[in-house]
Amino acid sequence: MSLDYTSLLLAVGFSATCLGLTLFGMWLTARSEKFLLTWAVSLLLVVADIFAYDAYIDMPGRLLGIATLALLLLGFSAMLGAAYQFRTGGSPIPRAVFGSISLAIALPAMALGYDGLGFMFENLFAALLLFATAFEYWKGRNEAPALTIGITALYSATAASFALCAIVLAWDGKLILGHAPSNWAEELSLIIVIASMTGIGALSLALNQGRLARHHRHNALTDPLTGLLNRRALFDLHGNAPVGAFTAVVVFDLDGFKAINDEFGHAAGDEVLRVFARELAGNLRPTDVAARMGGEEFALVLKRTLPETVEATAEAIRAAFAACRIETETGSLTCTVSAGFAFGTKEGLSFDKVLSAADNALYAAKRGGRNRVTASPLRRVG
């Protein structure tokens with residue numbers, strides 16, 4: 001082996017080490033992103049493989065050959081698991097274990113002294129694992145198309161370089177080498193790995209940072225108790241646009257909610273809020289928007305609708321919630337809800353004005369005996 005080849009090998013090891021440490025550091029600051037730890041472990045195995053392979057170059061031996069083959073395939077299997085975990089949030093173990101089956105085919109050849117055949121199998125299965133990893137990112141391309149397609153391309157290029165190494169070894173047809181493979185495909189593969197690893201690292205970090213930013217924004221706009229949008233999100237969506245004659249705002253307020261908290265406790269109150277949120281969400285059309293405004297108050301925005309449809313929807317939610325028997329740690333209970341709704345106008349009203357009109361209708365429902373739906377005089381004009 002030439003010094004240039006050894007330098008390239010060490011460069012791969014250095015790049016993998018830096019990327020692995022970066023991923024581990026990111027995982028320490030964002031423990032929920034577990035794929036970062038899985039990916040860091042996969043790179044640790046790859047780095048260990050590089051050291052074992054470097055030792056094998058100087059002193060070829062059966063044990064070192066087995067070690068380098070096992071470490072590389074285990075590392076790429078873990079990398080496949082990390083890609084699946086990133087895309088789905090599921091456990092990486094099934095994918096990693098499935099990838100590790102390749103060891104059952106590749107290791108016996110190396111263990112029996114057929115190192116040429118062992119290295120051919122190693123490169124072949126490494127290519128398959130990397131192609132599978134690329135496919136995981138391809139399946140998740142809708143999240144951030146430019147970044148995920150770039151990662152897919154780089155993993156595919158790396159996989160192709162390993163496949164090329166396997167083809168060259170198969171073409172030579174030597175089952176026993178007695179030394180590390182030495183050919184132009186090996187050197188080309190190292191160059192591709194260095195370039196691809198740098199690109200994969202940069203694109204993956206950007207992809208993860210984008211996901212974290214979206215996650216933080218989602219948390220900022222979502223009510224953590226009910227999973228509905230919060231007041232800020234509702235105003236972000238509708239606060240700056242005039243409300244037309246076929247758009248309605250419905251405001252709901254749970255009846256006697258303070259008494260529930262006082263008698264049954266705040267945990268029971270939280271469960272009541274969650275149950276109502278489920279009833280609210282269960283009666284939505286794809287174009288409707290529901291939000292928790294704060295406390296026990298909720299709002300619903302319906303577009304392209306008519307007064308009778310809005311009233312029927314609000315009544316269905318009211319009746320379904322009133323029929324619910326809510327089980328809590330301190331006993332079962334029932335609760336009711338009052339609602340008021342208002343429409344915009346043909347000329348367009350501000351969202352604040354329509355929301356205020358719906359609030360006034362809600363207060364009328366409360367004064368009228370609660371557990372009812374009341375329409376605002378601003379039902380629809382023109």
# chains A, B, ... in the order shown; residues from 1 in each chain; ligands from 1
call {"tool": "residues_around", "arguments": {"residues": "A:Glu271", "least_positions_apart": "5", "cutoff": "10 Å", "atoms": "only C-alpha atoms", "output": "ChimeraX atom specification"}}
result
/A:225-226,266,276-277,326-329
call {"tool": "residues_around", "arguments": {"residues": "stretch 30-41 of chain A", "least_positions_apart": "4", "cutoff": "8 Å", "atoms": "only C-alpha atoms", "output": "number ranges by chain"}}
result
A: 19-21, 23-24, 26, 45, 75, 78-79, 81-83, 85-86, 89, 92
call {"tool": "residues_around", "arguments": {"residues": "A:Asp115", "least_positions_apart": "6", "cutoff": "9 Å", "atoms": "only C-alpha atoms", "output": "PyMOL selection string"}}
result
chain A and resi 62+65+109+174-180
call {"tool": "residues_around", "arguments": {"residues": "A:Leu362", "least_positions_apart": "4", "cutoff": "8 Å", "atoms": "only C-alpha atoms", "output": "list in words"}}
result
Val251, Phe252, Asp253, Ser338, Ala339, Gly340, Phe341, Ala358, Lys366, Val373 and Thr374 of chain A
call {"tool": "closest_residue", "arguments": {"among": "A:Glu143, A:Glu122, A:Glu308, A:Asp270", "to": "A:Pro181", "atoms": "only C-alpha atoms"}}
result
A:Glu122
call {"tool": "residues_around", "arguments": {"residues": "stretch 313-325 of chain A", "least_positions_apart": "5", "cutoff": "7 Å", "atoms": "only C-alpha atoms", "output": "NGL selection string"}}
result
:A and (276 or 279-280 or 283 or 332-337 or 373)
call {"tool": "select_by_dssp", "arguments": {"residues": "stretch 133-220 of chain A", "states": "helix (DSSP H, G or I)", "output": "number ranges by chain"}}
result
A: 133-139, 145-172, 184-220
call {"tool": "residues_around", "arguments": {"residues": "stretch 230-240 of chain A", "least_positions_apart": "3", "cutoff": "9 Å", "atoms": "only C-alpha atoms", "output": "list in words"}}
result
Ala220, Leu221, Thr222, Asp223, Pro224, Gly227, Val243, Val289, Ala290, Ala291, Arg292, Met293, Gly294, Phe298, Ala299, Val301, Ser350, Phe351 and Asp352 of chain A
call {"tool": "write_last_selection", "arguments": {"atoms": "C-alpha atoms", "output": "PDB file, in the first residue's frame"}}
result
ATOM      1  CA  ALA A 220     -44.682  27.580  20.291  1.00  0.00           C
ATOM      2  CA  LEU A 221     -47.959  27.364  18.365  1.00  0.00           C
ATOM      3  CA  THR A 222     -49.489  24.289  20.030  1.00  0.00           C
ATOM      4  CA  ASP A 223     -51.303  23.956  23.316  1.00  0.00           C
ATOM      5  CA  PRO A 224     -49.338  21.246  25.178  1.00  0.00           C
ATOM      6  CA  GLY A 227     -52.590  19.297  21.170  1.00  0.00           C
ATOM      7  CA  VAL A 243     -63.397  37.574   7.555  1.00  0.00           C
ATOM      8  CA  VAL A 289     -59.284  25.224  12.425  1.00  0.00           C
ATOM      9  CA  ALA A 290     -59.657  24.617  16.176  1.00  0.00           C
ATOM     10  CA  ALA A 291     -57.674  26.275  18.957  1.00  0.00           C
ATOM     11  CA  ARG A 292     -57.551  26.525  22.715  1.00  0.00           C
ATOM     12  CA  MET A 293     -57.721  30.227  23.504  1.00  0.00           C
ATOM     13  CA  GLY A 294     -56.724  29.764  27.126  1.00  0.00           C
ATOM     14  CA  PHE A 298     -61.837  27.234  22.743  1.00  0.00           C
ATOM     15  CA  ALA A 299     -62.437  28.642  19.272  1.00  0.00           C
ATOM     16  CA  VAL A 301     -63.016  28.791  12.518  1.00  0.00           C
ATOM     17  CA  SER A 350     -61.480  42.055  11.089  1.00  0.00           C
ATOM     18  CA  PHE A 351     -60.947  38.772  12.874  1.00  0.00           C
ATOM     19  CA  ASP A 352     -60.967  40.588  16.232  1.00  0.00           C
TER      20      ASP A 352
END
call {"tool": "residues_around", "arguments": {"residues": "A:Ser161", "least_positions_apart": "2", "cutoff": "12 Å", "atoms": "only C-alpha atoms", "output": "ChimeraX atom specification"}}
result
/A:123-124,126-128,130-131,154-159,163-168,184-196
call {"tool": "write_last_selection", "arguments": {"atoms": "N, CA and C atoms", "output": "CSV table (one decimal), in the first residue's frame"}}
result
chain,number,residue,atom,x,y,z
A,123,ASN,N,-17.4,-5.6,0.7
A,123,ASN,CA,-17.7,-4.5,-0.2
A,123,ASN,C,-19.1,-4.6,-0.8
A,124,LEU,N,-19.5,-5.8,-1.1
A,124,LEU,CA,-20.9,-6.0,-1.7
A,124,LEU,C,-21.9,-5.6,-0.7
A,126,ALA,N,-21.6,-3.9,2.1
A,126,ALA,CA,-21.5,-2.5,2.5
A,126,ALA,C,-22.2,-1.6,1.5
A,127,ALA,N,-22.1,-2.0,0.2
A,127,ALA,CA,-22.8,-1.2,-0.8
A,127,ALA,C,-24.4,-1.4,-0.6
A,128,LEU,N,-24.8,-2.6,-0.3
A,128,LEU,CA,-26.2,-2.8,-0.2
A,128,LEU,C,-26.8,-2.0,1.0
A,130,LEU,N,-25.5,0.7,2.3
A,130,LEU,CA,-25.5,2.1,2.0
A,130,LEU,C,-26.6,2.5,1.1
A,131,PHE,N,-26.9,1.6,0.1
A,131,PHE,CA,-28.0,1.9,-0.8
A,131,PHE,C,-29.4,1.9,0.0
A,154,LEU,N,-25.5,11.3,-2.1
A,154,LEU,CA,-24.2,11.1,-1.6
A,154,LEU,C,-24.0,9.7,-1.0
A,155,TYR,N,-25.1,9.2,-0.3
A,155,TYR,CA,-25.0,7.8,0.2
A,155,TYR,C,-25.0,6.8,-1.0
A,156,SER,N,-25.7,7.2,-2.1
A,156,SER,CA,-25.7,6.3,-3.3
A,156,SER,C,-24.4,6.3,-3.9
A,157,ALA,N,-23.7,7.4,-4.0
A,157,ALA,CA,-22.4,7.5,-4.6
A,157,ALA,C,-21.4,6.7,-3.8
A,158,THR,N,-21.5,6.8,-2.5
A,158,THR,CA,-20.6,6.0,-1.6
A,158,THR,C,-20.9,4.5,-1.8
A,159,ALA,N,-22.2,4.1,-1.9
A,159,ALA,CA,-22.5,2.7,-2.1
A,159,ALA,C,-22.0,2.2,-3.4
A,163,ALA,N,-19.5,-0.9,-4.3
A,163,ALA,CA,-19.9,-1.9,-5.3
A,163,ALA,C,-18.9,-2.1,-6.3
A,164,LEU,N,-18.2,-1.0,-6.7
A,164,LEU,CA,-17.2,-1.0,-7.7
A,164,LEU,C,-16.0,-1.8,-7.2
A,165,CYS,N,-15.6,-1.7,-5.9
A,165,CYS,CA,-14.6,-2.4,-5.3
A,165,CYS,C,-14.9,-3.9,-5.3
A,166,ALA,N,-16.1,-4.3,-5.0
A,166,ALA,CA,-16.5,-5.7,-5.1
A,166,ALA,C,-16.4,-6.2,-6.5
A,167,ILE,N,-16.8,-5.4,-7.5
A,167,ILE,CA,-16.8,-5.9,-8.9
A,167,ILE,C,-15.3,-6.1,-9.3
A,168,VAL,N,-14.4,-5.2,-9.0
A,168,VAL,CA,-13.0,-5.4,-9.3
A,168,VAL,C,-12.4,-6.6,-8.7
A,184,TRP,N,-7.1,0.4,-8.2
A,184,TRP,CA,-7.6,1.7,-8.4
A,184,TRP,C,-9.0,2.0,-7.8
A,185,ALA,N,-9.8,0.9,-7.7
A,185,ALA,CA,-11.2,1.1,-7.2
A,185,ALA,C,-11.1,1.4,-5.7
A,186,GLU,N,-10.2,0.8,-5.0
A,186,GLU,CA,-10.0,1.1,-3.6
A,186,GLU,C,-9.7,2.5,-3.3
A,187,GLU,N,-8.7,3.0,-4.1
A,187,GLU,CA,-8.3,4.4,-3.9
A,187,GLU,C,-9.5,5.4,-4.3
A,188,LEU,N,-10.1,5.1,-5.4
A,188,LEU,CA,-11.3,5.9,-5.8
A,188,LEU,C,-12.4,5.9,-4.8
A,189,SER,N,-12.6,4.8,-4.2
A,189,SER,CA,-13.6,4.6,-3.1
A,189,SER,C,-13.3,5.5,-1.9
A,190,LEU,N,-12.0,5.5,-1.5
A,190,LEU,CA,-11.7,6.4,-0.4
A,190,LEU,C,-11.9,7.9,-0.7
A,191,ILE,N,-11.6,8.3,-1.9
A,191,ILE,CA,-11.8,9.7,-2.3
A,191,ILE,C,-13.2,10.0,-2.2
A,192,ILE,N,-14.1,9.1,-2.8
A,192,ILE,CA,-15.5,9.3,-2.8
A,192,ILE,C,-16.1,9.4,-1.3
A,193,VAL,N,-15.6,8.5,-0.5
A,193,VAL,CA,-16.0,8.4,0.9
A,193,VAL,C,-15.7,9.7,1.6
A,194,ILE,N,-14.5,10.3,1.4
A,194,ILE,CA,-14.1,11.5,2.1
A,194,ILE,C,-15.0,12.6,1.6
A,195,ALA,N,-15.2,12.8,0.3
A,195,ALA,CA,-16.1,13.8,-0.2
A,195,ALA,C,-17.5,13.7,0.3
A,196,SER,N,-18.0,12.4,0.2
A,196,SER,CA,-19.4,12.2,0.5
A,196,SER,C,-19.6,12.4,2.0
call {"tool": "atom_distance", "arguments": {"atom1": "atom CA of A:Val272", "atom2": "atom CA of A:Asp288"}}
result
22.2 Å
call {"tool": "closest_residue", "arguments": {"among": "A:Thr330, A:Asn219, A:Ser42, A:Ser204", "to": "A:Ile260", "atoms": "only C-alpha atoms"}}
result
A:Thr330
